[in-house]
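The structure file final.cif is reproduced below (mmCIF, C-alpha atoms and all ligand atoms).
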data_coords
#
loop_
_atom_site.label_atom_id
_atom_site.label_comp_id
_atom_site.auth_asym_id
_atom_site.auth_seq_id
_atom_site.Cartn_x
_atom_site.Cartn_y
_atom_site.Cartn_z
CA ILE Y 1 67.56 -98.81 17.68
CA PHE Y 2 67.18 -98.35 13.93
CA SER Y 3 70.59 -99.84 13.20
CA GLN Y 4 69.21 -103.22 14.29
CA VAL Y 5 66.60 -103.16 11.50
CA ALA Y 6 67.22 -105.56 8.60
CA LEU Y 7 66.80 -104.42 5.02
CA ALA Y 8 63.43 -105.49 3.56
CA PRO Y 9 63.48 -107.29 0.23
CA ALA Y 10 62.24 -105.25 -2.74
CA ASP Y 11 58.55 -105.81 -3.51
CA PRO Y 12 58.27 -108.22 -6.45
CA ILE Y 13 55.80 -105.94 -8.28
CA LEU Y 14 56.17 -102.36 -7.00
CA GLY Y 15 59.94 -102.81 -6.53
CA LEU Y 16 60.12 -103.69 -10.21
CA THR Y 17 58.43 -100.37 -11.06
CA ASP Y 18 61.17 -98.57 -9.10
CA THR Y 19 63.86 -100.38 -11.13
CA PHE Y 20 61.94 -99.60 -14.32
CA LYS Y 21 61.77 -95.88 -13.49
CA ALA Y 22 65.53 -95.78 -12.89
CA ASP Y 23 66.25 -97.48 -16.24
CA PRO Y 24 67.56 -94.79 -18.66
CA ARG Y 25 66.66 -96.73 -21.86
CA ALA Y 26 64.07 -94.85 -23.94
CA ASP Y 27 62.50 -97.97 -25.45
CA LYS Y 28 61.90 -99.79 -22.11
CA VAL Y 29 58.45 -101.35 -21.54
CA ASN Y 30 56.82 -102.01 -18.15
CA LEU Y 31 54.69 -105.16 -18.30
CA GLY Y 32 55.17 -105.77 -14.57
CA VAL Y 33 52.56 -103.93 -12.50
CA GLY Y 34 48.87 -104.36 -13.46
CA ILE Y 35 48.08 -100.94 -14.88
CA TYR Y 36 45.89 -100.44 -17.94
CA LYS Y 37 47.44 -98.57 -20.85
CA ASN Y 38 45.48 -97.31 -23.83
CA GLU Y 39 46.68 -97.63 -27.43
CA ALA Y 40 48.83 -94.51 -26.94
CA GLY Y 41 50.56 -96.18 -23.97
CA GLN Y 42 48.91 -93.90 -21.42
CA THR Y 43 46.79 -94.52 -18.31
CA PRO Y 44 44.27 -91.69 -18.69
CA VAL Y 45 41.56 -90.63 -16.24
CA LEU Y 46 38.25 -92.08 -17.49
CA ASN Y 47 35.82 -89.51 -18.93
CA SER Y 48 33.10 -90.68 -16.54
CA VAL Y 49 35.52 -90.08 -13.65
CA LYS Y 50 36.46 -86.58 -14.87
CA LYS Y 51 32.77 -85.66 -15.15
CA ALA Y 52 32.02 -87.00 -11.67
CA GLU Y 53 34.97 -85.04 -10.27
CA THR Y 54 33.78 -81.81 -11.93
CA LYS Y 55 30.34 -82.33 -10.41
CA LEU Y 56 31.81 -83.11 -6.98
CA LEU Y 57 34.04 -80.06 -7.03
CA SER Y 58 31.16 -77.72 -7.80
CA GLU Y 59 28.76 -79.31 -5.29
CA GLU Y 60 31.12 -80.00 -2.39
CA THR Y 61 30.19 -78.11 0.77
CA THR Y 62 32.36 -79.64 3.49
CA LYS Y 63 35.51 -81.62 4.27
CA ASN Y 64 33.99 -83.02 7.44
CA TYR Y 65 34.98 -86.54 8.54
CA LEU Y 66 33.18 -89.51 7.05
CA GLY Y 67 31.84 -92.18 9.38
CA ILE Y 68 34.17 -95.10 10.08
CA GLU Y 69 32.51 -97.15 7.35
CA GLY Y 70 32.80 -94.36 4.76
CA VAL Y 71 30.30 -93.01 2.23
CA GLN Y 72 26.91 -94.71 2.73
CA ALA Y 73 25.75 -94.38 -0.90
CA TYR Y 74 29.06 -95.91 -1.98
CA ASN Y 75 28.68 -98.91 0.30
CA GLY Y 76 25.18 -99.58 -1.05
CA ALA Y 77 26.39 -99.29 -4.65
CA VAL Y 78 29.22 -101.74 -3.91
CA GLN Y 79 26.72 -104.34 -2.67
CA THR Y 80 24.63 -104.01 -5.83
CA LEU Y 81 27.72 -104.47 -8.02
CA LEU Y 82 28.82 -107.51 -6.03
CA PHE Y 83 25.52 -109.32 -5.52
CA GLY Y 84 23.30 -107.88 -8.28
CA THR Y 85 20.13 -105.80 -8.27
CA GLY Y 86 17.47 -107.26 -5.98
CA SER Y 87 19.89 -109.70 -4.30
CA ALA Y 88 18.12 -111.69 -1.56
CA LEU Y 89 20.99 -111.45 0.89
CA VAL Y 90 21.19 -107.67 0.45
CA THR Y 91 17.41 -107.34 0.87
CA ALA Y 92 17.64 -109.44 4.06
CA GLU Y 93 20.37 -107.02 5.28
CA ARG Y 94 22.82 -109.88 5.74
CA ALA Y 95 25.59 -107.85 4.06
CA MET Y 96 27.44 -104.88 5.55
CA THR Y 97 30.10 -102.92 3.71
CA ALA Y 98 32.86 -100.57 4.78
CA GLN Y 99 34.81 -98.43 2.35
CA ALA Y 100 38.52 -99.34 2.43
CA PRO Y 101 41.76 -97.93 1.02
CA GLY Y 102 42.02 -100.19 -2.04
CA GLY Y 103 41.74 -103.95 -2.26
CA THR Y 104 44.88 -104.32 -0.15
CA GLY Y 105 43.37 -102.22 2.64
CA ALA Y 106 40.19 -104.30 2.47
CA LEU Y 107 42.10 -107.59 2.68
CA ARG Y 108 44.15 -106.35 5.60
CA ILE Y 109 41.05 -105.18 7.51
CA ALA Y 110 39.35 -108.53 6.83
CA ALA Y 111 42.39 -110.48 8.02
CA GLU Y 112 42.88 -108.43 11.18
CA PHE Y 113 39.17 -108.66 11.98
CA LEU Y 114 39.35 -112.47 11.68
CA VAL Y 115 42.46 -112.82 13.84
CA ARG Y 116 41.09 -110.63 16.63
CA ASN Y 117 37.50 -111.77 16.70
CA THR Y 118 37.19 -115.33 15.41
CA HIS Y 119 38.85 -118.72 15.78
CA ALA Y 120 40.13 -118.53 12.19
CA ARG Y 121 43.90 -119.03 12.19
CA ASN Y 122 44.67 -120.51 8.77
CA ILE Y 123 44.12 -119.02 5.36
CA TRP Y 124 44.44 -121.08 2.18
CA ILE Y 125 45.71 -119.21 -0.87
CA SER Y 126 46.17 -120.51 -4.41
CA ASN Y 127 49.59 -121.51 -5.70
CA PRO Y 128 50.43 -119.25 -7.46
CA THR Y 129 48.70 -116.08 -6.28
CA TRP Y 130 49.17 -112.31 -6.18
CA ALA Y 131 52.62 -111.60 -4.72
CA ASN Y 132 51.22 -109.48 -1.83
CA HIS Y 133 48.74 -112.01 -0.40
CA GLN Y 134 51.24 -113.89 1.75
CA ASN Y 135 52.65 -110.61 3.06
CA ILE Y 136 49.22 -109.20 4.03
CA PHE Y 137 48.01 -112.33 5.81
CA ASP Y 138 51.32 -113.08 7.55
CA THR Y 139 51.45 -109.53 8.85
CA ALA Y 140 47.90 -109.74 10.16
CA GLY Y 141 48.75 -112.94 12.05
CA LEU Y 142 47.13 -115.66 9.92
CA THR Y 143 49.00 -118.83 9.02
CA VAL Y 144 49.17 -119.10 5.25
CA LYS Y 145 48.65 -122.48 3.57
CA GLU Y 146 48.54 -123.17 -0.15
CA TYR Y 147 46.17 -125.03 -2.42
CA GLY Y 148 47.17 -126.22 -5.90
CA TYR Y 149 45.63 -124.24 -8.74
CA TYR Y 150 47.77 -124.34 -11.84
CA ARG Y 151 49.06 -127.12 -14.08
CA ALA Y 152 52.17 -125.71 -15.75
CA GLU Y 153 52.44 -128.39 -18.45
CA SER Y 154 48.99 -127.69 -19.89
CA HIS Y 155 48.79 -123.99 -18.82
CA ASP Y 156 45.45 -124.89 -17.30
CA ILE Y 157 43.68 -125.08 -13.98
CA ASP Y 158 44.53 -128.01 -11.71
CA PHE Y 159 41.09 -128.27 -10.19
CA ASP Y 160 41.70 -131.76 -8.75
CA ALA Y 161 44.68 -130.42 -6.79
CA MET Y 162 42.59 -127.48 -5.59
CA MET Y 163 39.82 -129.73 -4.28
CA THR Y 164 42.21 -132.30 -2.78
CA ASP Y 165 44.17 -129.61 -0.93
CA LEU Y 166 41.08 -127.76 0.26
CA SER Y 167 39.58 -130.97 1.61
CA GLN Y 168 42.52 -130.96 4.10
CA ALA Y 169 41.31 -127.61 5.48
CA ALA Y 170 39.82 -127.64 8.98
CA ALA Y 171 36.44 -126.18 9.93
CA GLY Y 172 36.83 -122.43 10.41
CA ASP Y 173 39.77 -122.09 8.02
CA VAL Y 174 39.60 -119.23 5.52
CA VAL Y 175 39.83 -119.83 1.76
CA LEU Y 176 41.00 -116.96 -0.40
CA LEU Y 177 39.27 -117.04 -3.81
CA HIS Y 178 39.93 -114.72 -6.75
CA GLY Y 179 36.48 -113.54 -7.86
CA CYS Y 180 37.55 -113.35 -11.51
CA CYS Y 181 40.65 -112.75 -13.65
CA HIS Y 182 42.87 -114.83 -11.37
CA ASN Y 183 46.10 -112.98 -10.63
CA PRO Y 184 48.62 -114.11 -11.94
CA THR Y 185 47.34 -116.99 -14.09
CA GLY Y 186 44.30 -115.38 -15.79
CA ILE Y 187 42.54 -118.76 -15.42
CA ASP Y 188 39.17 -118.79 -13.67
CA LEU Y 189 36.86 -121.49 -12.36
CA ASN Y 190 33.86 -122.39 -14.53
CA ALA Y 191 30.32 -122.46 -13.08
CA ALA Y 192 30.45 -126.18 -12.19
CA GLN Y 193 33.80 -125.70 -10.44
CA TRP Y 194 32.49 -122.70 -8.50
CA GLN Y 195 29.53 -124.83 -7.44
CA ALA Y 196 31.86 -127.59 -6.21
CA VAL Y 197 33.99 -125.09 -4.26
CA ALA Y 198 30.85 -123.55 -2.75
CA GLU Y 199 29.61 -126.98 -1.63
CA LEU Y 200 33.01 -127.82 -0.16
CA CYS Y 201 33.07 -124.56 1.81
CA ARG Y 202 29.52 -125.14 3.04
CA ASP Y 203 30.02 -128.81 3.94
CA ARG Y 204 33.37 -128.30 5.68
CA SER Y 205 32.48 -124.95 7.31
CA LEU Y 206 35.24 -123.04 5.52
CA LEU Y 207 35.00 -119.26 5.26
CA PRO Y 208 35.39 -117.87 1.70
CA LEU Y 209 37.25 -114.58 1.43
CA PHE Y 210 36.91 -113.17 -2.08
CA ASP Y 211 39.59 -110.95 -3.54
CA PHE Y 212 37.60 -109.21 -6.28
CA ALA Y 213 39.85 -106.66 -7.97
CA TYR Y 214 38.97 -107.05 -11.66
CA GLN Y 215 35.17 -107.03 -11.95
CA GLY Y 216 34.39 -106.17 -15.57
CA PHE Y 217 37.81 -107.13 -16.95
CA GLY Y 218 36.83 -110.75 -17.67
CA ALA Y 219 33.53 -111.21 -19.51
CA GLY Y 220 31.51 -108.28 -18.06
CA ILE Y 221 30.31 -106.74 -14.81
CA GLU Y 222 27.53 -109.26 -14.13
CA GLU Y 223 29.30 -112.27 -15.69
CA ASP Y 224 32.42 -111.75 -13.58
CA ALA Y 225 30.37 -111.86 -10.37
CA GLN Y 226 28.99 -115.31 -11.20
CA GLY Y 227 31.38 -117.21 -8.91
CA LEU Y 228 30.84 -114.87 -5.97
CA ARG Y 229 27.04 -115.01 -6.34
CA LEU Y 230 27.05 -118.77 -6.65
CA VAL Y 231 29.11 -119.18 -3.48
CA ALA Y 232 27.10 -116.54 -1.62
CA ALA Y 233 23.90 -118.44 -2.43
CA LEU Y 234 25.20 -121.57 -0.68
CA VAL Y 235 27.32 -120.53 2.31
CA PRO Y 236 25.97 -118.70 5.36
CA GLU Y 237 28.97 -116.41 5.81
CA LEU Y 238 31.68 -114.86 3.68
CA LEU Y 239 33.89 -111.83 3.20
CA VAL Y 240 34.64 -109.83 0.07
CA ALA Y 241 37.54 -107.44 -0.51
CA ASN Y 242 36.93 -105.54 -3.72
CA SER Y 243 38.84 -102.81 -5.50
CA PHE Y 244 38.04 -100.07 -8.01
CA SER Y 245 41.69 -99.38 -8.89
CA LYS Y 246 41.40 -101.16 -12.22
CA ASN Y 247 37.79 -100.97 -13.37
CA PHE Y 248 37.49 -97.23 -12.65
CA GLY Y 249 41.20 -96.54 -13.26
CA LEU Y 250 41.35 -95.04 -9.75
CA TYR Y 251 44.73 -96.54 -8.84
CA ASN Y 252 46.07 -93.69 -6.73
CA GLU Y 253 42.77 -92.87 -5.02
CA ARG Y 254 43.07 -96.19 -3.13
CA ILE Y 255 39.41 -97.08 -3.22
CA GLY Y 256 37.92 -100.47 -2.40
CA ALA Y 257 35.63 -102.02 0.19
CA VAL Y 258 35.32 -104.86 2.65
CA THR Y 259 31.92 -106.57 2.74
CA LEU Y 260 30.83 -108.99 5.41
CA VAL Y 261 27.93 -111.39 4.83
CA ALA Y 262 26.53 -113.15 7.90
CA LYS Y 263 23.81 -115.74 8.40
CA ASP Y 264 21.31 -113.08 9.52
CA LYS Y 265 21.03 -109.35 10.04
CA ALA Y 266 21.67 -109.40 13.80
CA THR Y 267 24.91 -111.37 13.38
CA ALA Y 268 26.00 -109.06 10.58
CA VAL Y 269 25.44 -105.96 12.71
CA THR Y 270 27.44 -107.35 15.63
CA ALA Y 271 30.32 -108.68 13.52
CA PHE Y 272 30.46 -105.45 11.52
CA SER Y 273 30.92 -103.44 14.72
CA GLN Y 274 34.32 -105.20 15.01
CA ILE Y 275 35.18 -104.42 11.38
CA LYS Y 276 34.59 -100.76 12.27
CA ARG Y 277 36.75 -101.10 15.37
CA THR Y 278 39.54 -102.59 13.26
CA ILE Y 279 39.31 -99.62 10.87
CA ARG Y 280 39.31 -97.09 13.73
CA SER Y 281 42.53 -98.54 15.11
CA ASN Y 282 44.21 -98.46 11.68
CA TYR Y 283 43.30 -95.19 9.98
CA SER Y 284 40.25 -93.94 11.89
CA ASN Y 285 38.01 -93.35 8.88
CA PRO Y 286 38.62 -93.42 5.15
CA PRO Y 287 39.44 -90.62 2.69
CA ALA Y 288 36.38 -89.44 0.73
CA HIS Y 289 37.34 -88.64 -2.83
CA GLY Y 290 37.53 -92.07 -4.48
CA ALA Y 291 34.28 -93.26 -2.90
CA LEU Y 292 32.45 -90.11 -3.95
CA ILE Y 293 33.62 -90.57 -7.54
CA VAL Y 294 32.43 -94.19 -7.64
CA SER Y 295 29.08 -93.53 -5.96
CA THR Y 296 28.44 -90.47 -8.18
CA ILE Y 297 28.99 -92.60 -11.27
CA LEU Y 298 27.05 -95.64 -10.11
CA THR Y 299 24.00 -93.64 -9.03
CA ASP Y 300 23.73 -91.48 -12.18
CA ALA Y 301 22.31 -93.33 -15.22
CA ALA Y 302 24.23 -91.33 -17.85
CA LEU Y 303 27.57 -91.51 -16.02
CA ARG Y 304 27.08 -95.19 -15.34
CA ASN Y 305 26.44 -95.90 -19.04
CA GLU Y 306 29.55 -93.97 -19.94
CA TRP Y 307 31.63 -95.88 -17.37
CA GLU Y 308 30.32 -99.23 -18.60
CA ALA Y 309 31.30 -98.31 -22.16
CA GLU Y 310 34.76 -97.21 -21.02
CA LEU Y 311 35.18 -100.43 -19.05
CA ALA Y 312 34.12 -102.48 -22.10
CA GLU Y 313 36.67 -100.60 -24.18
CA MET Y 314 39.46 -101.52 -21.74
CA ARG Y 315 38.31 -105.14 -21.64
CA ASN Y 316 38.11 -105.40 -25.43
CA ARG Y 317 41.49 -103.77 -25.99
CA ILE Y 318 43.18 -106.25 -23.65
CA ALA Y 319 41.45 -109.16 -25.44
CA GLU Y 320 42.68 -107.76 -28.75
CA MET Y 321 46.23 -107.55 -27.38
CA ARG Y 322 46.07 -111.20 -26.30
CA THR Y 323 45.24 -112.33 -29.82
CA LEU Y 324 47.84 -110.02 -31.33
CA PHE Y 325 50.46 -111.24 -28.83
CA VAL Y 326 49.90 -114.87 -29.82
CA SER Y 327 50.04 -114.13 -33.56
CA SER Y 328 53.05 -111.79 -33.23
CA LEU Y 329 55.04 -114.41 -31.33
CA LYS Y 330 54.37 -116.79 -34.22
CA ALA Y 331 55.35 -114.14 -36.74
CA HIS Y 332 58.65 -113.74 -34.88
CA GLY Y 333 59.41 -117.40 -35.39
CA VAL Y 334 58.32 -118.75 -32.00
CA THR Y 335 57.24 -122.35 -32.55
CA GLN Y 336 56.14 -123.05 -28.96
CA ASP Y 337 52.34 -123.01 -28.63
CA PHE Y 338 51.27 -119.82 -26.83
CA SER Y 339 47.60 -120.04 -27.81
CA PHE Y 340 46.69 -120.50 -24.12
CA ILE Y 341 47.34 -116.75 -23.67
CA SER Y 342 44.21 -115.90 -25.66
CA ARG Y 343 42.11 -118.11 -23.34
CA GLN Y 344 43.21 -116.32 -20.14
CA ASN Y 345 41.12 -113.57 -18.50
CA GLY Y 346 41.92 -110.10 -17.25
CA MET Y 347 45.09 -108.07 -17.25
CA PHE Y 348 47.64 -110.82 -16.84
CA SER Y 349 49.13 -113.66 -18.74
CA PHE Y 350 51.14 -116.35 -17.01
CA SER Y 351 53.67 -116.87 -19.77
CA GLY Y 352 55.65 -119.85 -18.49
CA LEU Y 353 58.90 -117.88 -19.01
CA ASN Y 354 61.50 -118.84 -16.40
CA LYS Y 355 63.52 -116.63 -14.09
CA GLU Y 356 66.55 -116.55 -16.37
CA GLN Y 357 64.42 -115.58 -19.38
CA VAL Y 358 62.68 -112.89 -17.31
CA ASN Y 359 66.08 -111.46 -16.28
CA ARG Y 360 67.35 -111.47 -19.86
CA LEU Y 361 64.18 -109.68 -21.04
CA ARG Y 362 64.87 -106.93 -18.53
CA ASP Y 363 68.65 -106.67 -18.83
CA GLU Y 364 69.08 -107.09 -22.58
CA PHE Y 365 65.81 -105.69 -23.93
CA GLY Y 366 64.33 -103.37 -21.26
CA VAL Y 367 61.14 -105.48 -21.16
CA TYR Y 368 60.00 -105.76 -17.54
CA ILE Y 369 57.77 -108.63 -16.42
CA VAL Y 370 57.28 -110.11 -12.93
CA GLY Y 371 59.77 -112.80 -11.82
CA SER Y 372 57.05 -115.47 -11.84
CA GLY Y 373 56.70 -114.98 -15.61
CA ARG Y 374 53.52 -112.90 -15.23
CA ILE Y 375 53.07 -110.43 -18.08
CA SER Y 376 50.67 -107.48 -17.89
CA VAL Y 377 48.95 -107.74 -21.28
CA ALA Y 378 47.20 -104.48 -20.36
CA GLY Y 379 50.55 -102.72 -20.91
CA MET Y 380 50.91 -103.99 -24.48
CA THR Y 381 50.04 -101.80 -27.46
CA LYS Y 382 50.17 -102.19 -31.23
CA SER Y 383 53.29 -99.99 -31.13
CA ASN Y 384 55.31 -101.92 -28.53
CA MET Y 385 54.14 -105.42 -29.52
CA ASP Y 386 56.82 -106.04 -32.13
CA ALA Y 387 59.69 -105.15 -29.80
CA ILE Y 388 58.22 -107.27 -26.99
CA CYS Y 389 57.73 -110.33 -29.19
CA LYS Y 390 61.17 -109.97 -30.77
CA ALA Y 391 62.71 -109.91 -27.29
CA ILE Y 392 60.72 -112.94 -26.15
CA ALA Y 393 61.65 -114.86 -29.31
CA CYS Y 394 65.32 -114.14 -28.53
CA VAL Y 395 65.22 -115.33 -24.90
CA LEU Y 396 63.25 -118.44 -25.84
C1 LIG Y 401 49.35 -106.01 -9.57
O1 LIG Y 401 49.16 -107.18 -9.24
O2 LIG Y 401 50.21 -105.67 -10.39
C2 LIG Y 401 48.49 -104.94 -8.99
O3 LIG Y 401 47.51 -105.48 -8.19
C3 LIG Y 401 49.24 -103.85 -8.35
C4 LIG Y 401 49.82 -104.24 -7.03
O4 LIG Y 401 49.53 -103.55 -6.05
O5 LIG Y 401 50.56 -105.21 -6.95
#
I need this file expressed as C-alpha cells, please.
Ligand code: LMR
Amino acid sequence: IFSQVALAPADPILGLTDTFKADPRADKVNLGVGIYKNEAGQTPVLNSVKKAETKLLSEETTKNYLGIEGVQAYNGAVQTLLFGTGSALVTAERAMTAQAPGGTGALRIAAEFLVRNTHARNIWISNPTWANHQNIFDTAGLTVKEYGYYRAESHDIDFDAMMTDLSQAAAGDVVLLHGCCHNPTGIDLNAAQWQAVAELCRDRSLLPLFDFAYQGFGAGIEEDAQGLRLVAALVPELLVANSFSKNFGLYNERIGAVTLVAKDKATAVTAFSQIKRTIRSNYSNPPAHGALIVSTILTDAALRNEWEAELAEMRNRIAEMRTLFVSSLKAHGVTQDFSFISRQNGMFSFSGLNKEQVNRLRDEFGVYIVGSGRISVAGMTKSNMDAICKAIACVL
C-alpha cells in the first residue's frame, strides 16, 4: 500500500530550514523562516514568559483535560486583544473563541468548519501570500482563488487589482485578509483601503477570514488591529485565526485561536457548537501550556507591561534592521533603489530577488531566503548584515 504513495514536495519554508540545518558552513544565515532573532542571533524565551511559566509550575494542581474550546480566561483575553477593551461585539456576546494549535491549526479548523457547515466553497487569497495558505485550504476542501495584491514594479500594493478581483467573488465566498504585516510582502492596507474592503465584503456578502499572526510587529498592539476592527464594525459575520508564535515567541508551544463573530449571540452559539465538533474530530481538545502562559501574562498587570515592552523591543529592532539593510546595501555598491524595504511592516521583506539570485545566495554564500524572494529581516543582526549585503550585491 505505502509503495503507491508519491513523494511530497519539500515545504517551501520549513523544508528550507531542513536544508539549512544540514549545511555544514559555519557562516550560514537563515533568513527563510519567520523567527525573531535578537542582536546576539538567538531566539530567547521572553522574560515575561519565563516568569509566567515559573508561576504556573508552582501553582499547577492538575493535568486534567481542558474543554474542547480550551482555557476560558485565554479565550476572553484573545477577544480583548483582537477587538479592544469594551468592544461592542464582545459585549453583545457575538464573538466566540476556541484555543487552537497555532495560527495554522486555527485556519484549518476555520476552513473545515466552513466546508462542513456552510455553503462557502471558494476562498480568495492574495497573490502572493504565505506559502502554506493554499495547502491548508485545498486540504480542507475549499477551492482557492487569487486576488491581485502586489505591484512588483513599484514594490507597492496593487489595490485596484485587489478590488477588481474581489468584485468577481460570489456571495458566500470567503476572503482571506492578513490582519497586519502582510506575509510575504510586508505591505498593509491603509485605513481608507480597509474601509473599502469592509464595504465590499458587506455589500457583496463575502465572509472575511483574518489571518492575524503578527499583532504588535507592525505599529503596535492596538494600531495593528485597526483593519480587523474596521471590518468587524461593518460586516455581520467574520472569522479570525490568530497566533501567538511571534508576538510571545511561543513558536513551539503551538498557540493560537479561532474566533467566530456572528450577527447575534444565538447564531454565534449555534455556529460555535460546530467549531467545537470540528476540533473534537481533529485533536479532541487542545494542549494547555501555551494558553496558560498567554492568559497568565495578559491578566497580570506587571507581566503584561513587561510583555508589551519586550514586544516593542522586537518591533523596534526589526525596524532598525530594515534601515540598516537599506544603507548597507548602498554601502556595498548596490545602486538599485531598495528604500521600499524600510516602508514594509513586520518580519518580512519582499526583496524582488529572482529564483536564480535566491539559489546563488544559498549555494555560493550560505544565505537562505525563501524562493519567492522573501527575506526574514527578523533574522538579520548588526553582525551578519555585512555578509548578507555583500552576498546580495554579488548576485545582483
Ligand atoms: C513563516 O512564514 O516563516 C512562518 O509563519 C513559519 C511557518 O510556519 O511558515
Inset, instruction - Might you pull out every residue within 10 Å of Y:Gly352, with all atoms listed in the file counted and same-chain residues fewer than 5 positions away left off, and present them as a list in words? - result: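 Close residues of Y:Gly352: Ala152, Glu153, His155, Thr185, Phe338, Gln357, Val358, Ser372, Gly373, Arg374 and Ile375 of chain Y.
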Legend entry - Two-atom distance - atom CA of Y:Gln215, atom CA of Y:Val71 (Å):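 Computing it gives 20.5 Å between the two atoms.
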Inset, instruction - Go through Y:Ala52, Y:Ala8, Y:Ala331, Y:Leu230 and flag the residue nearest Y:Phe248, using only C-alpha atoms for the distances. - result: Y:Ala52
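Atom pair atom CA of Y:Phe113 / atom CA of Y:Arg280: separated by 11.7 Å.
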Legend entry - Point-to-point distance in Å for atom CA of Y:Gly148 and atom CA of Y:Glu356: 24.1 Å
Inset, instruction - Kindly work out which residues sit at most 9 Å from ligand LIG 401 (chain Y), using only C-alpha atoms and all ligand atoms, and give the list as a ChimeraX atom specification. - result: /Y:11-14,32-35,103-104,130-132,183-184,213,245-246,251,347-348,370,376
Inset, instruction - Between Y:Leu228, Y:Ala288, Y:Cys201, Y:Ile392, single out the one closest to Y:Lys63, counting only C-alpha atoms. - result: Y:Ala288
Legend entry - Minimum-distance residue to Y:Ala219, chosen among Y:Ile318, Y:Ile68, Y:Leu166, Y:Ile157 (using all atoms listed in the file):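 Ranked by minimum distance to Y:Ala219, first place goes to Y:Ile318.
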Inset, instruction - Give as a list of chain:residue names each residue that has an atom at most 10 Å from (26.3, -104.9, -9.9) in the file, counting all atoms listed in the file. - result: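 The answer, in the requested form, is Y:Ala77, Y:Val78, Y:Gln79, Y:Thr80, Y:Leu81, Y:Leu82, Y:Phe83, Y:Gly84, Y:Thr85, Y:Gly86, Y:Ser87, Y:Gln215, Y:Gly216, Y:Ile221, Y:Glu222, Y:Glu223, Y:Asp224, Y:Ala225, Y:Leu298.
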Kindly save the residues from that selection, with C-alpha atoms included, as an mmCIF file, in the frame of the given file.
data_model
loop_
_atom_site.group_PDB
_atom_site.id
_atom_site.type_symbol
_atom_site.label_atom_id
_atom_site.label_comp_id
_atom_site.auth_asym_id
_atom_site.auth_seq_id
_atom_site.Cartn_x
_atom_site.Cartn_y
_atom_site.Cartn_z
ATOM 1 C CA ALA Y 77 26.390 -99.290 -4.650
ATOM 2 C CA VAL Y 78 29.220 -101.740 -3.910
ATOM 3 C CA GLN Y 79 26.720 -104.340 -2.670
ATOM 4 C CA THR Y 80 24.630 -104.010 -5.830
ATOM 5 C CA LEU Y 81 27.720 -104.470 -8.020
ATOM 6 C CA LEU Y 82 28.820 -107.510 -6.030
ATOM 7 C CA PHE Y 83 25.520 -109.320 -5.520
ATOM 8 C CA GLY Y 84 23.300 -107.880 -8.280
ATOM 9 C CA THR Y 85 20.130 -105.800 -8.270
ATOM 10 C CA GLY Y 86 17.470 -107.260 -5.980
ATOM 11 C CA SER Y 87 19.890 -109.700 -4.300
ATOM 12 C CA GLN Y 215 35.170 -107.030 -11.950
ATOM 13 C CA GLY Y 216 34.390 -106.170 -15.570
ATOM 14 C CA ILE Y 221 30.310 -106.740 -14.810
ATOM 15 C CA GLU Y 222 27.530 -109.260 -14.130
ATOM 16 C CA GLU Y 223 29.300 -112.270 -15.690
ATOM 17 C CA ASP Y 224 32.420 -111.750 -13.580
ATOM 18 C CA ALA Y 225 30.370 -111.860 -10.370
ATOM 19 C CA LEU Y 298 27.050 -95.640 -10.110
#
